[in-house]
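Colleague: This is final_26.cif, which holds mmCIF, C-alpha atoms:
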```cif
data_entry
loop_
_atom_site.label_atom_id
_atom_site.label_comp_id
_atom_site.auth_asym_id
_atom_site.auth_seq_id
_atom_site.Cartn_x
_atom_site.Cartn_y
_atom_site.Cartn_z
CA MET D 1 25.75 -58.81 14.57
CA LYS D 2 27.17 -62.33 15.05
CA LEU D 3 24.55 -63.08 17.73
CA SER D 4 21.80 -61.92 15.38
CA LYS D 5 23.11 -64.25 12.67
CA LYS D 6 23.16 -67.19 15.10
CA ILE D 7 19.58 -66.48 16.16
CA GLN D 8 18.48 -66.39 12.51
CA HIS D 9 20.17 -69.73 11.81
CA MET D 10 18.63 -71.24 14.95
CA ALA D 11 15.19 -70.00 13.89
CA VAL D 12 15.54 -71.69 10.50
CA PHE D 13 16.65 -74.92 12.19
CA ILE D 14 13.72 -74.82 14.63
CA GLU D 15 11.25 -74.16 11.81
CA PHE D 16 12.70 -77.08 9.86
CA LEU D 17 12.44 -79.39 12.91
CA ALA D 18 8.86 -78.28 13.59
CA GLY D 19 7.79 -78.95 10.01
CA SER D 20 9.62 -82.29 9.89
CA GLY D 21 8.20 -83.37 13.25
CA LEU D 22 4.66 -82.58 12.17
CA ALA D 23 5.18 -84.51 8.95
CA ILE D 24 6.51 -87.53 10.85
CA PHE D 25 3.51 -87.35 13.20
CA PHE D 26 1.08 -87.47 10.26
CA HIS D 27 3.00 -90.29 8.64
CA LEU D 28 3.66 -92.61 11.61
CA VAL D 29 0.84 -91.80 13.97
CA LEU D 30 -2.05 -90.78 11.75
CA HIS D 31 -0.92 -92.98 8.85
CA ASN D 32 -1.53 -90.25 6.30
CA PRO D 33 1.54 -90.23 4.02
CA GLU D 34 0.06 -87.77 1.53
CA ALA D 35 -0.61 -85.17 4.22
CA ALA D 36 2.81 -85.85 5.72
CA TYR D 37 4.59 -85.20 2.41
CA SER D 38 2.51 -82.07 1.83
CA ILE D 39 3.24 -80.74 5.32
CA PHE D 40 6.96 -81.48 4.94
CA GLY D 41 7.12 -79.72 1.54
CA ILE D 42 5.13 -76.71 2.69
CA GLY D 43 7.17 -76.48 5.89
CA LEU D 44 10.41 -76.63 3.92
CA LEU D 45 9.24 -73.85 1.58
CA LEU D 46 8.07 -71.70 4.49
CA SER D 47 11.43 -72.15 6.22
CA LEU D 48 13.23 -71.11 3.06
CA ALA D 49 10.92 -68.11 2.52
CA THR D 50 11.28 -66.84 6.09
CA TYR D 51 15.05 -67.32 5.89
CA LEU D 52 15.28 -65.29 2.70
CA LEU D 53 12.96 -62.63 4.13
CA ARG D 54 15.09 -62.30 7.27
CA GLU D 55 18.24 -62.09 5.14
CA ASP D 56 16.69 -59.36 3.00
CA LEU D 57 15.57 -57.40 6.06
CA ASP D 58 19.00 -57.75 7.62
CA ASN D 59 20.75 -56.55 4.45
CA THR D 60 18.34 -53.62 4.18
CA ARG D 61 18.95 -52.70 7.80
CA CYS D 62 22.72 -52.80 7.27
CA GLN D 63 22.48 -50.63 4.15
CA LEU D 64 20.20 -48.09 5.84
CA THR D 65 22.49 -47.95 8.86
CA SER D 66 25.51 -47.44 6.64
CA GLN D 67 23.77 -44.70 4.62
CA TYR D 68 22.57 -42.99 7.79
CA ASN D 69 26.07 -43.01 9.31
CA GLN D 70 27.57 -41.75 6.05
CA ALA D 71 24.99 -38.97 5.71
CA HIS D 72 25.55 -37.84 9.29
CA GLU D 73 29.27 -38.47 9.50
CA ILE D 74 30.12 -34.76 9.43
CA THR D 75 27.32 -33.94 11.88
CA PHE D 76 28.58 -36.57 14.32
CA ALA D 77 32.14 -35.30 13.94
CA VAL D 78 31.12 -31.67 14.59
CA ALA D 79 29.02 -32.74 17.59
CA GLN D 80 32.16 -34.17 19.20
CA ILE D 81 33.91 -30.77 19.13
CA ASN D 82 33.80 -29.43 22.66
CA ASP D 83 35.79 -26.20 22.38
CA PRO D 84 33.37 -23.27 21.68
CA GLU D 85 35.77 -21.45 19.33
CA CYS D 86 36.46 -24.63 17.41
CA GLN D 87 32.72 -25.24 17.19
CA VAL D 88 32.19 -21.77 15.66
CA LYS D 89 34.99 -22.42 13.15
CA ALA D 90 33.46 -25.78 12.26
CA GLN D 91 30.11 -24.12 11.58
CA GLU D 92 31.81 -21.59 9.28
CA ILE D 93 33.44 -24.42 7.36
CA LEU D 94 30.09 -26.21 7.10
CA SER D 95 28.46 -23.05 5.73
CA GLY D 96 31.09 -22.87 2.98
CA ILE D 97 30.57 -26.54 2.16
CA LYS D 98 26.80 -25.99 1.95
CA ARG D 99 27.29 -23.14 -0.53
CA THR D 100 29.55 -25.32 -2.67
CA ILE D 101 27.07 -28.21 -2.59
CA LEU D 102 24.29 -25.80 -3.60
CA LEU D 103 26.35 -24.81 -6.65
CA LEU D 104 26.83 -28.47 -7.54
CA GLN D 105 23.10 -29.12 -7.16
CA GLN D 106 22.42 -26.30 -9.63
CA GLY D 107 24.79 -27.88 -12.15
CA TYR D 108 27.78 -25.59 -11.58
CA MET D 109 31.35 -26.83 -11.15
CA PRO D 110 33.31 -24.44 -8.88
CA LEU D 111 36.87 -23.76 -10.10
CA ASP D 112 39.97 -22.04 -8.79
CA GLU D 113 41.77 -19.57 -11.06
CA THR D 114 44.08 -22.07 -12.75
CA GLU D 115 41.25 -24.58 -13.24
CA TYR D 116 39.01 -21.83 -14.60
CA TYR D 117 41.34 -20.83 -17.43
CA LEU D 118 42.21 -24.49 -18.09
CA GLU D 119 38.53 -25.37 -18.46
CA GLY D 120 38.04 -22.28 -20.64
CA ALA D 121 40.86 -23.44 -22.91
CA LYS D 122 39.39 -26.95 -23.10
CA CYS D 123 35.93 -25.60 -23.94
CA THR D 124 37.44 -23.36 -26.63
CA ASP D 125 39.40 -26.26 -28.13
CA ILE D 126 36.23 -28.35 -28.56
CA SER D 127 34.09 -25.45 -29.82
CA LEU D 128 33.02 -25.87 -33.42
CA GLN D 129 31.11 -22.70 -34.32
CA ARG D 130 31.03 -19.78 -31.92
CA LEU D 131 32.58 -18.37 -28.76
CA LYS D 132 30.78 -15.41 -27.21
CA ALA D 133 32.68 -13.74 -24.39
CA VAL D 134 32.14 -10.81 -22.06
CA ASP D 135 35.27 -9.62 -20.25
CA PRO D 136 36.62 -6.71 -18.27
CA LEU D 137 39.86 -5.15 -19.53
CA THR D 138 41.97 -7.43 -17.36
CA VAL D 139 45.67 -6.63 -17.38
CA GLY D 140 47.74 -9.66 -18.30
CA TRP D 141 46.22 -11.04 -21.49
CA HIS D 142 49.74 -11.35 -22.92
CA THR D 143 51.78 -11.68 -19.72
CA ARG D 144 49.97 -13.96 -17.24
CA GLY D 145 50.59 -17.64 -17.94
CA ALA D 146 47.08 -19.03 -17.40
CA LEU D 147 45.45 -16.15 -19.29
CA MET D 148 48.02 -16.36 -22.11
CA ASN D 149 47.37 -20.08 -22.58
CA PHE D 150 43.64 -19.44 -22.62
CA TYR D 151 44.13 -16.78 -25.27
CA GLN D 152 46.26 -19.18 -27.33
CA SER D 153 43.28 -21.55 -27.39
CA ASN D 154 41.27 -18.62 -28.80
CA LEU D 155 43.80 -18.23 -31.61
CA ARG D 156 43.68 -21.96 -32.37
CA ALA D 157 39.88 -21.75 -32.56
CA LEU D 158 40.12 -18.84 -35.00
CA GLU D 159 42.36 -20.94 -37.24
CA ARG D 160 39.70 -23.68 -37.24
CA GLY D 161 37.08 -21.17 -38.38
CA VAL D 162 35.37 -20.64 -35.01
CA ALA D 163 33.86 -17.14 -34.79
CA ILE D 164 34.85 -15.29 -31.61
CA THR D 165 33.12 -12.18 -30.37
CA ARG D 166 34.52 -10.53 -27.25
CA ILE D 167 32.73 -7.64 -25.60
CA PHE D 168 34.96 -5.69 -23.21
CA VAL D 169 32.99 -4.04 -20.44
CA ILE D 170 34.81 -0.83 -19.48
CA ASN D 171 34.34 2.68 -18.25
CA ARG D 172 34.31 5.20 -21.07
CA GLU D 173 37.55 6.90 -19.94
CA GLU D 174 39.42 3.56 -19.82
CA MET D 175 39.34 3.15 -23.58
CA ALA D 176 42.02 5.79 -24.16
CA GLU D 177 44.49 4.28 -21.70
CA PRO D 178 47.65 2.75 -23.25
CA GLU D 179 47.19 -0.70 -21.67
CA ALA D 180 43.57 -0.86 -22.80
CA GLN D 181 44.60 0.14 -26.32
CA ARG D 182 47.26 -2.60 -26.39
CA ILE D 183 44.74 -5.27 -25.42
CA LEU D 184 42.05 -4.07 -27.81
CA LEU D 185 44.47 -3.61 -30.67
CA ALA D 186 46.10 -7.04 -30.25
CA GLN D 187 42.80 -8.92 -30.21
CA TYR D 188 41.36 -6.83 -33.05
CA ARG D 189 44.37 -7.64 -35.25
CA ASP D 190 44.21 -11.33 -34.35
CA GLY D 191 40.77 -11.54 -35.96
CA ILE D 192 38.51 -11.43 -32.90
CA ASP D 193 35.30 -9.47 -33.30
CA VAL D 194 36.06 -6.90 -30.60
CA ARG D 195 33.33 -4.72 -29.17
CA VAL D 196 33.09 -2.49 -26.12
CA ALA D 197 30.23 -1.88 -23.72
CA PHE D 198 30.34 1.01 -21.28
CA ARG D 199 29.31 0.18 -17.74
CA GLY D 200 27.19 3.29 -17.46
CA GLU D 201 25.06 2.15 -20.40
CA LEU D 202 24.40 -1.37 -19.12
CA PRO D 203 21.44 -2.43 -16.96
CA LEU D 204 22.42 -2.37 -13.30
CA ALA D 205 19.90 -4.42 -11.41
CA ASN D 206 17.33 -5.78 -13.81
CA ASP D 207 16.27 -9.30 -13.04
CA ILE D 208 16.70 -11.12 -16.36
CA SER D 209 15.88 -14.81 -16.52
CA GLY D 210 16.44 -15.10 -12.80
CA ARG D 211 19.84 -13.36 -12.90
CA ASP D 212 21.08 -10.01 -11.66
CA THR D 213 22.78 -8.40 -14.65
CA ASN D 214 25.16 -6.63 -12.31
CA SER D 215 26.40 -9.95 -10.92
CA SER D 216 29.05 -10.65 -13.55
CA PHE D 217 30.53 -9.13 -16.67
CA ASP D 218 33.15 -11.87 -17.09
CA PHE D 219 31.90 -15.04 -18.76
CA GLY D 220 32.18 -17.09 -21.95
CA ILE D 221 29.59 -19.09 -23.90
CA TYR D 222 30.87 -21.95 -26.04
CA ASP D 223 28.60 -23.05 -28.91
CA ASP D 224 25.64 -22.14 -26.67
CA HIS D 225 26.23 -25.43 -24.81
CA MET D 226 28.81 -24.58 -22.15
CA VAL D 227 29.45 -21.54 -19.96
CA THR D 228 32.32 -20.43 -17.75
CA GLU D 229 31.96 -17.43 -15.46
CA VAL D 230 34.22 -15.56 -13.03
CA PHE D 231 32.66 -14.88 -9.64
CA PRO D 232 32.08 -11.15 -9.09
CA GLN D 233 33.38 -11.41 -5.52
CA SER D 234 36.63 -12.99 -4.41
CA GLY D 235 36.46 -16.15 -2.34
CA LYS D 236 37.67 -19.73 -2.21
CA TYR D 237 36.77 -20.29 -5.85
CA TYR D 238 37.59 -18.04 -8.78
CA GLY D 239 34.79 -19.08 -11.13
CA ARG D 240 32.43 -21.83 -12.22
CA LYS D 241 31.40 -23.89 -15.22
CA THR D 242 28.03 -25.28 -16.26
CA ALA D 243 26.51 -27.23 -19.12
CA THR D 244 22.97 -27.28 -17.70
CA ALA D 245 20.69 -26.14 -20.52
CA ALA D 246 18.48 -23.89 -18.35
CA GLU D 247 21.49 -22.12 -16.83
CA VAL D 248 23.26 -21.73 -20.18
CA GLU D 249 20.11 -20.12 -21.58
CA LYS D 250 20.26 -17.46 -18.84
CA TYR D 251 23.77 -16.50 -19.91
CA VAL D 252 22.78 -16.45 -23.57
CA ARG D 253 19.98 -14.04 -22.68
CA LEU D 254 22.34 -11.87 -20.62
CA TYR D 255 24.87 -11.83 -23.46
CA GLU D 256 22.20 -10.66 -25.89
CA ILE D 257 21.35 -7.72 -23.61
CA ILE D 258 25.00 -6.73 -23.21
CA ASP D 259 25.59 -7.12 -26.96
CA HIS D 260 22.59 -4.91 -27.66
CA ASN D 261 24.28 -2.14 -25.65
CA ALA D 262 27.77 -2.75 -27.07
CA HIS D 263 29.63 -0.62 -29.62
CA ALA D 264 31.51 -1.83 -32.67
CA VAL D 265 35.11 -0.63 -32.93
CA THR D 266 37.51 0.05 -35.76
CA LEU D 267 41.19 0.82 -36.29
CA GLU D 268 42.11 4.45 -36.91
CA ASP D 269 45.72 5.68 -36.91
CA GLU D 270 46.91 2.64 -34.96
CA ARG D 271 44.28 3.21 -32.31
CA ILE D 272 41.04 1.42 -31.54
CA ILE D 273 38.09 3.80 -31.56
CA LEU D 274 34.33 3.44 -31.74
CA ALA D 275 33.04 2.83 -35.24
CA SER D 276 30.48 5.58 -34.71
CA GLU D 277 33.28 8.06 -33.95
CA ALA D 278 35.12 6.97 -37.10
CA LEU D 279 32.01 7.76 -39.13
CA LYS D 280 31.81 11.22 -37.58
CA LEU D 281 35.48 11.86 -38.39
CA ALA D 282 34.98 10.70 -41.97
CA ALA D 283 32.00 13.02 -42.34
#
```
Could you take the file, read its structure, and then write that structure out as structure tokens?
Modeller:
Amino acid sequence: MKLSKKIQHMAVFIEFLAGSGLAIFFHLVLHNPEAAYSIFGIGLLLSLATYLLREDLDNTRCQLTSQYNQAHEITFAVAQINDPECQVKAQEILSGIKRTILLLQQGYMPLDETEYYLEGAKCTDISLQRLKAVDPLTVGWHTRGALMNFYQSNLRALERGVAITRIFVINREEMAEPEAQRILLAQYRDGIDVRVAFRGELPLANDISGRDTNSSFDFGIYDDHMVTEVFPQSGKYYGRKTATAAEVEKYVRLYEIIDHNAHAVTLEDERIILASEALKLAA
């Protein structure tokens, strides 16, 4: 690099000497001062232009080299792994990184479990109108720290006048279980619009807006502007968040389908039952 710089400086000096020498020749030998001044000025400008051009090319080359090395840094590092087993492990790690980058390209932020419920609480705290949630009957709504704090953000939102609808996706026989009743009853009494959707009544593999409706029944939509979703399969990350309009619209559409298949509930003798069953009992 230093040698290249010296050559560039020498080239500028030689160009300057050549232009000056030609100007002196026209002035002293040919006795043409006007041509001499013109040649000297043009030569000086050409020297400056070529110097700036070389500087720009050199800076561009340095930037491209730096970007190339940065883009291939991981590739170069993996190529230096000689042990076959280590090479296989490196490829597995790269595959995981590629999947994460693909999520980021689609506008999704991958989150671990603690981050997921923290982001859910933050989204709930800034919601102004509506929270629409689809959840399984997860044990721990009132015992697990992260889930409890998330639920507390729900209660704060209710106090601000935010409407919350939560559809619990369950099997029909689960509804009578004591733990399920405790969760449903607590949220119903807290003012959440609780509904239930039975898995057997939901679409299983319909492709809706580019999504498989069987992929997740655990997500929240905040003011139709932000979505958090739990991954259906366990892995490095617990869930993801997105504010990309096209992706949010897919979840809104999926929620509408699940809501269309959901059942309203009511309180009867300190138990949560389907509103349709309450009507039959009243009749």
Colleague: For Gly220 (chain D), which residue among D:Thr65, D:Ser95, D:Ser127, D:Asn59 is the nearest when counting only C-alpha atoms?
Modeller: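 Counting only C-alpha atoms, the residue closest to Gly220 (chain D) is D:Ser127.
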Colleague: Padding 8 Å on every side, please: axis-aligned box over the listed atoms of region 84-89 of chain D, centre and edge lengths to one decimal in Å, as JSON.
Modeller:
```
{"center_x": 34.3, "center_y": -23.3, "center_z": 17.4, "size_x": 20.3, "size_y": 19.8, "size_z": 24.5}
```
Colleague: Could you check which of D:Tyr222, D:Tyr108, D:Tyr116, D:Phe150 is closest to Ala163 (chain D), using all atoms listed in the file?
Modeller: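 Closest to Ala163 (chain D) of all the choices is D:Tyr222.
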Colleague: Quick one: residues within 7 Å of Thr165 (chain D), all atoms listed in the file, excluding same-chain residues fewer than 2 positions away - as a list in words?
Modeller: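 Within the cut-off, the hits are Leu131, Lys132, Ala133, Ala163, Ile167, Ile192, Asp193 and Val194 of chain D.
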Colleague: Write the selection just made, keeping C-alpha atoms, as a compact mmCIF listing (two decimals), in the coordinates of the input?
Modeller:
```txt
# COMPACT_ATOMS: atom_id res chain seq x y z
CA LEU D 131 32.58 -18.37 -28.76
CA LYS D 132 30.78 -15.41 -27.21
CA ALA D 133 32.68 -13.74 -24.39
CA ALA D 163 33.86 -17.14 -34.79
CA ILE D 167 32.73 -7.64 -25.60
CA ILE D 192 38.51 -11.43 -32.90
CA ASP D 193 35.30 -9.47 -33.30
CA VAL D 194 36.06 -6.90 -30.60
```
Colleague: Could you jot down the CA of Asp135 (chain D) to CA of Lys98 (chain D) separation for me, Å, one decimal place?
Modeller: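 Distance between the two atoms: 28.9 Å.
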